[in-house]
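Shown next: run-v7.txt, containing compact mmCIF, C-alpha atoms (C1' of nucleotides).
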```
# COMPACT_ATOMS: atom_id res chain seq x y z
CA MET A 1 24.53 -46.55 26.85
CA GLY A 2 26.22 -44.91 29.79
CA ARG A 3 28.86 -42.24 30.11
CA ARG A 4 30.76 -41.12 27.10
CA SER A 5 34.28 -40.40 28.15
CA ASP A 6 34.67 -37.59 25.60
CA HIS A 7 32.23 -35.16 27.24
CA THR A 8 31.72 -34.08 30.79
CA ARG A 9 28.27 -33.02 31.84
CA GLU A 10 29.30 -29.41 31.64
CA GLU A 11 30.71 -29.72 28.15
CA LEU A 12 27.54 -31.43 27.03
CA HIS A 13 25.48 -28.60 28.47
CA ALA A 14 27.57 -26.10 26.53
CA MET A 15 27.30 -28.19 23.35
CA ILE A 16 23.53 -28.23 23.58
CA VAL A 17 23.29 -24.49 24.11
CA ARG A 18 25.69 -23.70 21.28
CA GLU A 19 24.01 -26.03 18.82
CA GLY A 20 20.59 -24.80 19.98
CA HIS A 21 21.69 -21.23 19.35
CA ARG A 22 22.94 -22.21 15.92
CA GLN A 23 19.69 -23.92 15.03
CA LEU A 24 17.61 -21.04 16.40
CA SER A 25 19.64 -18.61 14.30
CA GLU A 26 18.93 -20.65 11.20
CA VAL A 27 15.26 -21.52 11.45
CA GLY A 28 13.85 -19.03 13.94
CA PHE A 29 11.86 -19.45 17.11
CA ALA A 30 8.68 -20.78 15.47
CA ARG A 31 10.48 -23.69 13.84
CA PHE A 32 12.93 -24.39 16.63
CA SER A 33 12.89 -27.95 17.93
CA ALA A 34 14.70 -29.65 20.79
CA ARG A 35 14.52 -32.95 18.92
CA GLU A 36 16.42 -31.41 16.03
CA VAL A 37 19.10 -30.13 18.38
CA ALA A 38 19.49 -33.64 19.77
CA LYS A 39 19.81 -35.07 16.26
CA ARG A 40 22.48 -32.52 15.36
CA ILE A 41 24.74 -33.21 18.29
CA GLY A 42 24.29 -36.95 17.95
CA TYR A 43 22.44 -37.48 21.21
CA SER A 44 18.89 -38.62 21.82
CA ILE A 45 16.04 -36.36 22.81
CA GLY A 46 16.04 -37.84 26.29
CA THR A 47 19.55 -36.58 26.95
CA ILE A 48 18.50 -33.01 26.18
CA TYR A 49 15.86 -33.27 28.87
CA ASN A 50 18.17 -34.90 31.36
CA VAL A 51 20.73 -32.15 30.93
CA MET A 52 18.47 -29.13 30.45
CA GLY A 53 15.36 -30.13 32.38
CA SER A 54 12.77 -28.72 30.00
CA LEU A 55 12.32 -26.87 26.75
CA ASP A 56 11.79 -23.64 28.68
CA ALA A 57 15.12 -24.09 30.45
CA LEU A 58 16.80 -24.77 27.12
CA MET A 59 15.31 -21.64 25.61
CA LEU A 60 16.41 -19.58 28.60
CA ALA A 61 19.94 -20.89 28.24
CA ILE A 62 19.99 -20.13 24.52
CA ASN A 63 18.57 -16.64 25.02
CA GLY A 64 21.09 -16.12 27.78
CA HIS A 65 23.84 -16.94 25.32
CA THR A 66 22.37 -14.43 22.87
CA LEU A 67 22.43 -11.79 25.59
CA ASP A 68 26.08 -12.55 26.26
CA LEU A 69 26.94 -12.11 22.60
CA TRP A 70 24.91 -8.94 22.47
CA ARG A 71 26.62 -7.30 25.41
CA ALA A 72 30.02 -8.32 24.06
CA ALA A 73 29.16 -6.75 20.69
CA LEU A 74 28.05 -3.59 22.45
CA GLU A 75 31.21 -3.28 24.49
CA ASP A 76 33.43 -4.09 21.54
CA ARG A 77 31.86 -1.27 19.60
CA LEU A 78 32.34 1.17 22.43
CA ALA A 79 35.90 0.19 23.23
CA GLY A 80 38.20 3.04 22.40
CA GLN A 81 35.44 5.31 21.14
CA SER A 82 35.49 8.66 22.83
CA GLU A 83 32.91 10.59 20.80
CA ASN A 84 29.27 9.90 20.07
CA ARG A 85 29.38 6.92 22.36
CA LEU A 86 25.62 6.84 22.91
CA ALA A 87 24.96 6.98 19.18
CA GLN A 88 27.51 4.22 18.67
CA ALA A 89 25.77 2.09 21.25
CA ILE A 90 22.43 2.53 19.53
CA ALA A 91 23.92 1.67 16.16
CA ALA A 92 25.44 -1.44 17.73
CA TYR A 93 21.99 -2.31 19.09
CA PHE A 94 20.53 -2.21 15.57
CA ASP A 95 23.54 -3.98 14.10
CA PHE A 96 23.31 -6.91 16.44
CA ALA A 97 19.58 -7.29 15.96
CA SER A 98 19.78 -7.33 12.18
CA HIS A 99 22.82 -9.60 12.02
CA HIS A 100 21.22 -12.02 14.47
CA ARG A 101 17.58 -11.57 13.45
CA HIS A 102 16.25 -14.89 14.64
CA ALA A 103 18.21 -15.08 17.85
CA TRP A 104 17.39 -11.49 18.73
CA THR A 105 13.71 -11.91 17.93
CA ALA A 106 13.57 -15.06 20.06
CA LEU A 107 14.53 -12.97 23.08
CA TYR A 108 11.03 -11.52 22.89
CA ASP A 109 9.08 -14.34 21.24
CA PHE A 110 9.86 -16.70 24.08
CA ARG A 111 8.04 -16.13 27.34
CA LEU A 112 7.96 -18.18 30.50
CA PRO A 113 4.54 -19.42 31.68
CA GLU A 114 2.46 -16.76 33.46
CA ASN A 115 3.52 -17.25 37.06
CA GLU A 116 7.11 -18.41 36.57
CA VAL A 117 10.03 -16.08 37.00
CA PRO A 118 13.33 -16.13 35.09
CA PRO A 119 16.36 -17.44 37.01
CA PRO A 120 18.79 -14.90 38.51
CA ASP A 121 21.55 -15.61 36.00
CA TYR A 122 19.19 -14.65 33.19
CA THR A 123 17.99 -11.42 34.75
CA ALA A 124 21.62 -10.63 35.53
CA ARG A 125 22.39 -10.76 31.83
CA VAL A 126 19.55 -8.38 31.07
CA THR A 127 20.70 -5.88 33.66
CA ALA A 128 24.28 -6.23 32.43
CA ILE A 129 23.21 -4.85 29.06
CA THR A 130 21.10 -2.20 30.69
CA ASP A 131 24.02 -1.08 32.81
CA VAL A 132 26.09 -0.39 29.73
CA VAL A 133 23.33 1.87 28.48
CA VAL A 134 22.89 3.59 31.83
CA ARG A 135 26.61 4.39 31.83
CA GLU A 136 26.51 5.92 28.37
CA VAL A 137 23.36 7.89 29.06
CA ALA A 138 24.91 9.26 32.23
CA ALA A 139 27.95 10.35 30.27
CA ALA A 140 25.76 12.10 27.72
CA LEU A 141 23.92 14.12 30.36
CA PRO A 142 25.15 17.34 31.91
CA PRO A 143 26.82 16.51 35.24
CA ALA A 144 24.03 18.14 37.23
CA ARG A 145 21.39 15.76 35.83
CA ARG A 146 23.31 12.50 36.10
CA ALA A 147 20.98 11.30 38.82
CA GLU A 148 18.25 10.94 36.20
CA ALA A 149 20.37 8.61 34.08
CA GLN A 150 18.85 5.37 35.27
CA PRO A 151 15.15 6.04 34.63
CA LEU A 152 16.03 7.86 31.42
CA ALA A 153 18.18 4.97 30.22
CA ARG A 154 15.30 2.51 30.80
CA SER A 155 13.02 4.71 28.77
CA LEU A 156 15.52 5.20 25.96
CA LEU A 157 16.13 1.47 25.86
CA ALA A 158 12.41 1.01 25.27
CA THR A 159 12.48 3.73 22.64
CA VAL A 160 15.31 2.12 20.73
CA HIS A 161 13.77 -1.31 21.16
CA GLY A 162 10.51 -0.12 19.62
CA HIS A 163 12.32 1.30 16.59
CA CYS A 164 14.45 -1.81 16.17
CA PHE A 165 11.44 -4.06 16.52
CA PHE A 166 9.41 -2.17 13.93
CA ALA A 167 12.41 -2.19 11.62
CA LEU A 168 12.77 -5.94 11.79
CA ASN A 169 9.13 -7.00 11.79
CA GLY A 170 8.23 -5.02 8.70
CA THR A 171 6.05 -2.37 10.33
CA PHE A 172 8.38 0.44 9.33
CA ARG A 173 8.60 -0.81 5.77
CA LEU A 174 4.82 -0.86 5.64
CA LEU A 175 4.63 2.68 6.96
CA GLY A 176 7.25 4.00 4.56
CA GLU A 177 10.05 4.55 7.06
CA THR A 178 13.32 3.87 5.29
CA ASP A 179 15.83 4.82 8.00
CA PRO A 180 14.71 3.43 11.36
CA LEU A 181 18.11 3.93 12.97
CA ALA A 182 18.07 7.64 12.15
CA ALA A 183 14.59 7.92 13.63
CA ALA A 184 15.70 6.21 16.84
CA LEU A 185 18.75 8.46 17.10
CA ALA A 186 16.55 11.51 16.62
CA ARG A 187 14.22 10.47 19.45
CA VAL A 188 17.13 9.82 21.78
CA GLU A 189 18.63 13.17 20.88
CA ASP A 190 15.29 14.85 21.63
CA ALA A 191 15.24 13.28 25.07
CA ILE A 192 18.83 14.08 25.91
CA SER A 193 18.38 17.69 24.78
CA ALA A 194 15.29 18.04 26.95
CA HIS A 195 17.49 17.14 29.91
CA MET B 1 -22.48 -33.75 6.38
CA GLY B 2 -23.30 -31.04 3.90
CA ARG B 3 -24.70 -27.57 4.33
CA ARG B 4 -26.10 -26.55 7.62
CA SER B 5 -28.99 -24.25 6.98
CA ASP B 6 -28.22 -22.21 10.09
CA HIS B 7 -24.90 -20.77 8.92
CA THR B 8 -23.86 -19.23 5.66
CA ARG B 9 -20.24 -19.50 4.69
CA GLU B 10 -19.69 -15.94 5.72
CA GLU B 11 -21.27 -16.39 9.12
CA LEU B 12 -19.14 -19.45 9.71
CA HIS B 13 -16.03 -17.48 8.81
CA ALA B 14 -17.01 -14.85 11.34
CA MET B 15 -17.76 -17.50 13.99
CA ILE B 16 -14.33 -19.02 13.56
CA VAL B 17 -12.57 -15.68 13.86
CA ARG B 18 -14.59 -14.63 16.91
CA GLU B 19 -14.09 -17.92 18.70
CA GLY B 20 -10.44 -17.95 17.68
CA HIS B 21 -10.03 -14.48 19.13
CA ARG B 22 -11.73 -15.59 22.32
CA GLN B 23 -9.49 -18.62 22.65
CA LEU B 24 -6.37 -16.61 21.86
CA SER B 25 -7.36 -14.09 24.53
CA GLU B 26 -7.69 -16.86 27.08
CA VAL B 27 -4.65 -19.05 26.46
CA GLY B 28 -2.26 -16.85 24.51
CA PHE B 29 -0.43 -17.36 21.24
CA ALA B 30 1.84 -20.15 22.42
CA ARG B 31 -1.06 -22.37 23.46
CA PHE B 32 -3.43 -21.41 20.68
CA SER B 33 -4.77 -24.31 18.65
CA ALA B 34 -6.96 -24.49 15.56
CA ARG B 35 -8.24 -27.88 16.64
CA GLU B 36 -9.48 -26.39 19.89
CA VAL B 37 -11.29 -23.65 18.00
CA ALA B 38 -13.02 -26.31 15.90
CA LYS B 39 -14.05 -28.20 19.01
CA ARG B 40 -15.47 -25.08 20.59
CA ILE B 41 -17.71 -24.10 17.69
CA GLY B 42 -18.81 -27.70 17.17
CA TYR B 43 -17.20 -28.21 13.79
CA SER B 44 -14.40 -30.53 12.74
CA ILE B 45 -10.83 -29.50 12.13
CA GLY B 46 -11.29 -30.03 8.40
CA THR B 47 -13.92 -27.33 8.22
CA ILE B 48 -11.58 -24.76 9.71
CA TYR B 49 -9.13 -25.45 6.92
CA ASN B 50 -11.83 -25.42 4.25
CA VAL B 51 -13.04 -22.03 5.40
CA MET B 52 -9.76 -20.34 6.41
CA GLY B 53 -7.26 -22.06 4.13
CA SER B 54 -4.42 -22.34 6.62
CA LEU B 55 -3.41 -21.62 10.18
CA ASP B 56 -1.54 -18.54 9.02
CA ALA B 57 -4.67 -17.20 7.36
CA LEU B 58 -6.63 -17.87 10.54
CA MET B 59 -4.08 -16.02 12.63
CA LEU B 60 -4.12 -13.08 10.23
CA ALA B 61 -7.90 -12.92 10.46
CA ILE B 62 -7.81 -13.05 14.24
CA ASN B 63 -5.09 -10.42 14.47
CA GLY B 64 -7.05 -8.32 12.00
CA HIS B 65 -10.00 -8.50 14.35
CA THR B 66 -7.77 -7.39 17.23
CA LEU B 67 -6.64 -4.41 15.15
CA ASP B 68 -10.27 -3.50 14.50
CA LEU B 69 -11.05 -3.56 18.20
CA TRP B 70 -7.92 -1.58 18.94
CA ARG B 71 -8.71 1.20 16.51
CA ALA B 72 -12.27 1.36 17.76
CA ALA B 73 -11.03 1.68 21.34
CA LEU B 74 -8.66 4.44 20.27
CA GLU B 75 -11.33 6.41 18.50
CA ASP B 76 -13.82 5.94 21.31
CA ARG B 77 -11.35 7.38 23.74
CA LEU B 78 -10.69 10.37 21.54
CA ALA B 79 -14.30 11.09 20.70
CA GLY B 80 -15.32 14.37 22.27
CA GLN B 81 -11.91 15.03 23.84
CA SER B 82 -10.54 18.40 22.93
CA GLU B 83 -7.51 18.63 25.21
CA ASN B 84 -4.48 16.41 25.58
CA ARG B 85 -5.67 14.28 22.71
CA LEU B 86 -2.24 12.83 21.98
CA ALA B 87 -1.74 11.87 25.61
CA GLN B 88 -5.21 10.32 25.64
CA ALA B 89 -4.35 8.30 22.56
CA ILE B 90 -1.20 6.98 24.18
CA ALA B 91 -3.07 6.08 27.35
CA ALA B 92 -5.62 4.26 25.21
CA TYR B 93 -2.76 2.40 23.54
CA PHE B 94 -1.55 1.14 26.91
CA ASP B 95 -5.08 0.45 28.12
CA PHE B 96 -5.93 -1.74 25.18
CA ALA B 97 -2.70 -3.67 25.38
CA SER B 98 -3.06 -4.44 29.07
CA HIS B 99 -6.75 -5.29 28.89
CA HIS B 100 -6.15 -7.55 25.90
CA ARG B 101 -2.70 -8.83 26.81
CA HIS B 102 -2.74 -12.06 24.86
CA ALA B 103 -4.48 -10.74 21.78
CA TRP B 104 -2.23 -7.68 21.66
CA THR B 105 0.92 -9.72 22.18
CA ALA B 106 -0.10 -12.10 19.41
CA LEU B 107 -0.01 -9.19 16.96
CA TYR B 108 3.77 -9.36 17.32
CA ASP B 109 4.33 -13.00 18.21
CA PHE B 110 2.81 -14.17 14.98
CA ARG B 111 4.86 -13.69 11.84
CA LEU B 112 4.26 -14.83 8.30
CA PRO B 113 6.95 -17.05 6.70
CA GLU B 114 9.99 -15.10 5.49
CA ASN B 115 9.00 -14.34 1.92
CA GLU B 116 5.24 -14.03 2.30
CA VAL B 117 3.51 -10.70 2.52
CA PRO B 118 0.39 -9.84 4.52
CA PRO B 119 -2.83 -9.36 2.51
CA PRO B 120 -3.98 -5.81 1.71
CA ASP B 121 -6.90 -5.90 4.12
CA TYR B 122 -4.48 -6.60 6.95
CA THR B 123 -2.01 -3.86 6.09
CA ALA B 124 -5.00 -1.54 5.67
CA ARG B 125 -5.92 -2.16 9.29
CA VAL B 126 -2.39 -1.34 10.42
CA THR B 127 -2.32 1.90 8.50
CA ALA B 128 -5.80 2.76 9.79
CA ILE B 129 -4.45 2.82 13.33
CA THR B 130 -1.35 4.70 12.21
CA ASP B 131 -3.50 7.31 10.52
CA VAL B 132 -5.25 8.08 13.79
CA VAL B 133 -1.87 8.70 15.36
CA VAL B 134 -0.63 10.80 12.44
CA ARG B 135 -3.72 12.99 12.80
CA GLU B 136 -3.17 13.55 16.50
CA VAL B 137 0.53 14.20 16.11
CA ALA B 138 -0.20 16.72 13.39
CA ALA B 139 -2.65 18.49 15.68
CA ALA B 140 -0.04 18.61 18.45
CA LEU B 141 2.57 20.26 16.24
CA PRO B 142 2.79 23.96 15.51
CA PRO B 143 1.08 24.60 12.14
CA ALA B 144 4.38 25.36 10.44
CA ARG B 145 5.78 21.90 11.17
CA ARG B 146 2.73 19.81 10.28
CA ALA B 147 4.49 18.40 7.25
CA GLU B 148 6.73 16.42 9.57
CA ALA B 149 3.78 14.75 11.23
CA GLN B 150 3.92 11.49 9.31
CA PRO B 151 7.56 10.49 9.88
CA LEU B 152 7.34 11.75 13.45
CA ALA B 153 4.15 9.78 14.10
CA ARG B 154 5.83 6.58 12.86
CA SER B 155 8.70 7.16 15.20
CA LEU B 156 6.48 7.99 18.17
CA LEU B 157 4.44 4.89 17.49
CA ALA B 158 7.63 2.87 17.78
CA THR B 159 8.53 4.75 20.94
CA VAL B 160 5.20 4.04 22.59
CA HIS B 161 5.26 0.46 21.36
CA GLY B 162 8.64 -0.11 22.96
CA HIS B 163 7.44 1.21 26.31
CA CYS B 164 4.22 -0.80 26.15
CA PHE B 165 6.09 -3.93 25.17
CA PHE B 166 8.59 -3.63 28.01
CA ALA B 167 5.73 -2.93 30.39
CA LEU B 168 3.89 -6.10 29.42
CA ASN B 169 6.80 -8.50 29.03
CA GLY B 170 8.27 -7.77 32.43
CA THR B 171 11.41 -5.94 31.31
CA PHE B 172 10.36 -2.71 33.01
CA ARG B 173 9.49 -4.51 36.23
CA LEU B 174 12.92 -6.10 36.16
CA LEU B 175 14.57 -2.72 35.65
CA GLY B 176 12.58 -1.02 38.39
CA GLU B 177 10.36 1.12 36.20
CA THR B 178 7.01 1.45 37.93
CA ASP B 179 5.23 3.89 35.62
CA PRO B 180 5.84 2.93 31.97
CA LEU B 181 3.00 5.08 30.68
CA ALA B 182 4.48 8.18 32.27
CA ALA B 183 7.85 7.37 30.73
CA ALA B 184 6.30 6.99 27.29
CA LEU B 185 4.42 10.26 27.66
CA ALA B 186 7.63 12.00 28.69
CA ARG B 187 9.50 10.76 25.59
CA VAL B 188 6.66 11.86 23.32
CA GLU B 189 6.59 15.24 25.01
CA ASP B 190 10.36 15.57 24.48
CA ALA B 191 9.93 14.89 20.78
CA ILE B 192 6.99 17.21 20.31
CA SER B 193 8.81 20.00 22.18
CA ALA B 194 11.86 19.56 19.99
CA HIS B 195 9.64 20.28 17.00
C1' DG C 1 -37.49 -38.52 -6.87
C1' DA C 2 -32.77 -38.44 -9.00
C1' DA C 3 -28.55 -35.98 -9.82
C1' DG C 4 -25.23 -32.86 -8.97
C1' DA C 5 -23.06 -29.48 -6.19
C1' DA C 6 -21.68 -27.91 -1.84
C1' DA C 7 -20.29 -28.64 2.87
C1' DA C 8 -18.44 -31.24 6.42
C1' DT C 9 -15.99 -34.98 8.13
C1' DG C 10 -12.27 -37.68 10.32
C1' DA C 11 -8.62 -40.79 9.55
C1' DA C 12 -3.77 -40.63 8.16
C1' DC C 13 0.71 -38.46 8.31
C1' DA C 14 4.61 -36.34 10.18
C1' DC C 15 5.92 -33.69 13.41
C1' DC C 16 6.27 -31.81 18.45
C1' DG C 17 7.40 -31.78 23.94
C1' DT C 18 7.45 -34.76 27.82
C1' DC C 19 8.10 -38.66 30.65
C1' DT C 20 10.04 -43.09 32.17
C1' DA C 21 11.53 -47.99 32.13
C1' DA C 22 15.20 -50.28 30.45
C1' DT C 23 19.86 -50.42 28.98
C1' DT C 24 24.71 -49.49 28.88
C1' DC C 25 28.87 -47.83 30.58
C1' DT C 26 32.10 -46.27 34.57
C1' DT C 27 33.77 -46.60 38.83
C1' DA C 28 34.85 -48.16 43.23
C1' DA C 29 34.75 -51.71 46.58
C1' DA C 30 35.50 -56.54 47.79
C1' DT D 1 39.42 -59.89 39.22
C1' DT D 2 34.97 -59.93 40.06
C1' DT D 3 31.06 -57.58 41.25
C1' DA D 4 27.81 -54.30 42.86
C1' DA D 5 26.41 -49.56 42.75
C1' DG D 6 25.61 -45.64 40.32
C1' DA D 7 25.53 -42.43 36.58
C1' DA D 8 24.60 -41.52 31.71
C1' DT D 9 21.96 -42.52 27.76
C1' DT D 10 18.50 -44.40 25.12
C1' DA D 11 14.19 -45.42 22.74
C1' DG D 12 9.61 -45.87 22.84
C1' DA D 13 5.04 -44.49 24.46
C1' DC D 14 1.74 -40.75 25.14
C1' DG D 15 -1.04 -37.02 23.97
C1' DG D 16 -0.86 -33.15 21.47
C1' DT D 17 -0.14 -30.24 17.05
C1' DG D 18 -0.91 -28.60 11.76
C1' DT D 19 -2.12 -30.32 7.31
C1' DT D 20 -4.21 -32.98 3.62
C1' DC D 21 -7.81 -35.20 1.15
C1' DA D 22 -10.81 -39.14 -0.12
C1' DT D 23 -15.15 -39.98 1.54
C1' DT D 24 -19.60 -39.14 3.32
C1' DT D 25 -23.41 -36.38 4.21
C1' DT D 26 -26.54 -32.81 3.23
C1' DC D 27 -28.84 -29.45 0.51
C1' DT D 28 -30.56 -27.61 -3.92
C1' DT D 29 -32.27 -27.99 -8.22
C1' DC D 30 -34.34 -29.98 -11.95
```

Translate this structure into structure tokens?
Amino acid sequence: MGRRSDHTREELHAMIVREGHRQLSEVGFARFSAREVAKRIGYSIGTIYNVMGSLDALMLAINGHTLDLWRAALEDRLAGQSENRLAQAIAAYFDFASHHRHAWTALYDFRLPENEVPPPDYTARVTAITDVVVREVAAALPPARRAEAQPLARSLLATVHGHCFFALNGTFRLLGETDPLAAALARVEDAISAH
Amino acid sequence: MGRRSDHTREELHAMIVREGHRQLSEVGFARFSAREVAKRIGYSIGTIYNVMGSLDALMLAINGHTLDLWRAALEDRLAGQSENRLAQAIAAYFDFASHHRHAWTALYDFRLPENEVPPPDYTARVTAITDVVVREVAAALPPARRAEAQPLARSLLATVHGHCFFALNGTFRLLGETDPLAAALARVEDAISAH
DNA sequence: GAAGAAAATGAACACCGTCTAATTCTTAAA
DNA sequence: TTTAAGAATTAGACGGTGTTCATTTTCTTC
């Protein structure tokens, strides 16, 4: 068959990403399949490849969509809040991860082949989230130390990520930690106080 | 064929795990294949399944082996050190991860199906590593606060993990962080000081 | 030697990502 | 209106995967 008048190329691209995200959220990265996405949207596997190029490109697009949702959730949570903004941001971090387990986990399960580099629009999405955190860390620091916000924010992002990761992958359960969010908040507080 | 006089069942099990670990270290989790392991040790795919039971069981055994090596590397590094032991342990954490990239990453890439639970001998290996950290954290705390060592150690483990993970997966490079180990050490120092 | 147990096999199955020749539809020119 | 060009879509082929299990081979024991 040829063109289908009901979908432009762009709409089809969006359909694939949305349905891919849906499927990823349901079955997780390990069981994700491009063929299944094709089946669900009523196109053949070949079309997925024509539109997306490769499975890696599809995964990047899906993870990019997850990052968009994540940043939106972060900013929604912060909107209008004037106190404890950093703590709110961290809670939102945990919230998103646990409400979107599979999609969030896939951000880290999927990796491009050794030498390849992610496209600019993907890295832009990562830095967009980081920038939100940098802003809040800067606001939490005494004015004289605001210059240190960027490196500190990177480090605190890693700190929170580690706690969130251990919370979701079962490590904390195994080790008897029952309140991972509180632990993460405590570590961030330690760091901010030290500055 | 039947028995091969040159390998007991136990030796064969060990061969599979060792060769599996070798292959995993070379190609990484995404490209790991049980069939390839069989080919390499000169047995058929069926034998792998007879001996290991399933791919999941094989992965658990391989990851268990990685954990053994990791703990050994940790304890080797600490042996005889009397100063900065906690910092040494963290450096060893980073060292092992970067010298065994693929094997270390596979510890977190691989996940058992939703409901299943890891076998006791696997969780024992995880807690064995944790215990080393708990010990060192306890030693770094003032005697009056040693009771808090366990929860704090869990949290610091997550902190260091997050930094190590971001260092290896490229997030830190993307964000401009050039010394992830130093950042991790700084966060741990902040936490210890706060106690 | 024969019999039984243990070990090892490899073909069969249902998936997967990837590629490409062939097909179908749309559009614009003649 | 017919037709040629071009874009979109398909389906099948290919080589790979994990998994199962009836069958074959080997070893041990009597």

Judged by only C-alpha atoms (C1' of nucleotides), the minimum distance to C:DT20 among A:Pro113, A:Gly46, A:Gly20, A:Pro143 is found for A:Gly46

- Message: I need the contact residues of chain C against chain A, so if you could list those with any atom within 7 Å, counting all atoms listed in the file, and return them as a list of chain:residue names, that would help.
- Response: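 Output check: C:DT23, C:DT24, C:DC25, C:DT26.
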
Considering only C-alpha atoms (C1' of nucleotides), tabulate each residue of chain D that lies at most 12 Å from chain A along with its nearest interatomic pair and the corresponding distance in Å to one decimal; arrange the rows by chain and ascending residue number and present them as CSV.
```
residue,atom,partner,partner_atom,distance
D:DG6,C1',A:Gly2,CA,10.6
D:DA7,C1',A:Gly2,CA,7.3
D:DA8,C1',A:Gly2,CA,4.2
D:DT9,C1',A:Met1,CA,4.9
D:DT10,C1',A:Met1,CA,6.6
D:DA11,C1',A:Ser44,CA,8.3
D:DG12,C1',A:Gly46,CA,10.9
```

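When atom CA of B:Thr66 is paired with atom CA of A:His161, their separation reads 22.7 Å.
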
Cut-off 6 Å: closest chain A/chain B atom pairs per residue, using only C-alpha atoms, as a tab-separated table:
```
residue	atom	partner	partner_atom	distance
A:Asp109	CA	B:Asp109	CA	5.8
A:Ala158	CA	B:Gly162	CA	4.6
A:Thr159	CA	B:Thr159	CA	4.4
A:His161	CA	B:Gly162	CA	5.6
A:Gly162	CA	B:Gly162	CA	3.8
A:His163	CA	B:Ala158	CA	5.1
A:Asp190	CA	B:Ala191	CA	5.4
A:Ala191	CA	B:Asp190	CA	5.4
```

Any idea what's packed within 10 Å of A:Arg135, counting all atoms listed in the file, ignoring anything in its chain fewer than 2 positions away? Could you give it as a list of chain:residue names?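 After dropping sequence-adjacent residues, the list is A:Leu86, A:Thr130, A:Asp131, A:Val132, A:Val133, A:Val137, A:Ala138, A:Ala139, A:Ala140, A:Arg146, A:Ala149, A:Gln150, A:Ala153.
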
Computed gap from atom CA of B:Ala89 to atom CA of B:Arg77 is 7.2 Å

With all heavy atoms as the target, complete stretch 162-166 of chain A and hand it back as a PDB file, in the frame of the given file.
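New file part-v4.pdb:
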```
ATOM      1  N   GLY A 162      11.696  -0.278  20.467  1.00  0.00           N
ATOM      2  CA  GLY A 162      10.510  -0.120  19.620  1.00  0.00           C
ATOM      3  C   GLY A 162      10.892   0.132  18.164  1.00  0.00           C
ATOM      4  O   GLY A 162      10.327  -0.472  17.249  1.00  0.00           O
ATOM      5  N   HIS A 163      11.880   1.004  17.958  1.00  0.00           N
ATOM      6  CA  HIS A 163      12.320   1.300  16.590  1.00  0.00           C
ATOM      7  C   HIS A 163      12.943   0.070  15.934  1.00  0.00           C
ATOM      8  O   HIS A 163      12.686  -0.245  14.776  1.00  0.00           O
ATOM      9  CB  HIS A 163      13.306   2.469  16.593  1.00  0.00           C
ATOM     10  CG  HIS A 163      12.647   3.806  16.765  1.00  0.00           C
ATOM     11  ND1 HIS A 163      12.162   4.243  17.973  1.00  0.00           N
ATOM     12  CD2 HIS A 163      12.373   4.798  15.871  1.00  0.00           C
ATOM     13  CE1 HIS A 163      11.634   5.456  17.824  1.00  0.00           C
ATOM     14  NE2 HIS A 163      11.749   5.811  16.550  1.00  0.00           N
ATOM     15  N   CYS A 164      13.773  -0.620  16.700  1.00  0.00           N
ATOM     16  CA  CYS A 164      14.450  -1.810  16.170  1.00  0.00           C
ATOM     17  C   CYS A 164      13.436  -2.901  15.833  1.00  0.00           C
ATOM     18  O   CYS A 164      13.511  -3.548  14.790  1.00  0.00           O
ATOM     19  CB  CYS A 164      15.457  -2.306  17.206  1.00  0.00           C
ATOM     20  SG  CYS A 164      16.651  -3.473  16.563  1.00  0.00           S
ATOM     21  N   PHE A 165      12.471  -3.046  16.711  1.00  0.00           N
ATOM     22  CA  PHE A 165      11.440  -4.060  16.520  1.00  0.00           C
ATOM     23  C   PHE A 165      10.620  -3.778  15.266  1.00  0.00           C
ATOM     24  O   PHE A 165      10.392  -4.673  14.437  1.00  0.00           O
ATOM     25  CB  PHE A 165      10.534  -4.091  17.756  1.00  0.00           C
ATOM     26  CG  PHE A 165       9.655  -5.289  17.855  1.00  0.00           C
ATOM     27  CD1 PHE A 165      10.111  -6.452  18.463  1.00  0.00           C
ATOM     28  CD2 PHE A 165       8.363  -5.261  17.334  1.00  0.00           C
ATOM     29  CE1 PHE A 165       9.287  -7.569  18.553  1.00  0.00           C
ATOM     30  CE2 PHE A 165       7.543  -6.378  17.422  1.00  0.00           C
ATOM     31  CZ  PHE A 165       8.005  -7.537  18.026  1.00  0.00           C
ATOM     32  N   PHE A 166      10.186  -2.550  15.116  1.00  0.00           N
ATOM     33  CA  PHE A 166       9.410  -2.170  13.930  1.00  0.00           C
ATOM     34  C   PHE A 166      10.244  -2.286  12.663  1.00  0.00           C
ATOM     35  O   PHE A 166       9.722  -2.559  11.586  1.00  0.00           O
ATOM     36  CB  PHE A 166       8.854  -0.750  14.082  1.00  0.00           C
ATOM     37  CG  PHE A 166       7.560  -0.691  14.853  1.00  0.00           C
ATOM     38  CD1 PHE A 166       7.069  -1.806  15.509  1.00  0.00           C
ATOM     39  CD2 PHE A 166       6.819   0.488  14.898  1.00  0.00           C
ATOM     40  CE1 PHE A 166       5.872  -1.754  16.226  1.00  0.00           C
ATOM     41  CE2 PHE A 166       5.619   0.548  15.610  1.00  0.00           C
ATOM     42  CZ  PHE A 166       5.153  -0.568  16.272  1.00  0.00           C
TER      43      PHE A 166
END
```
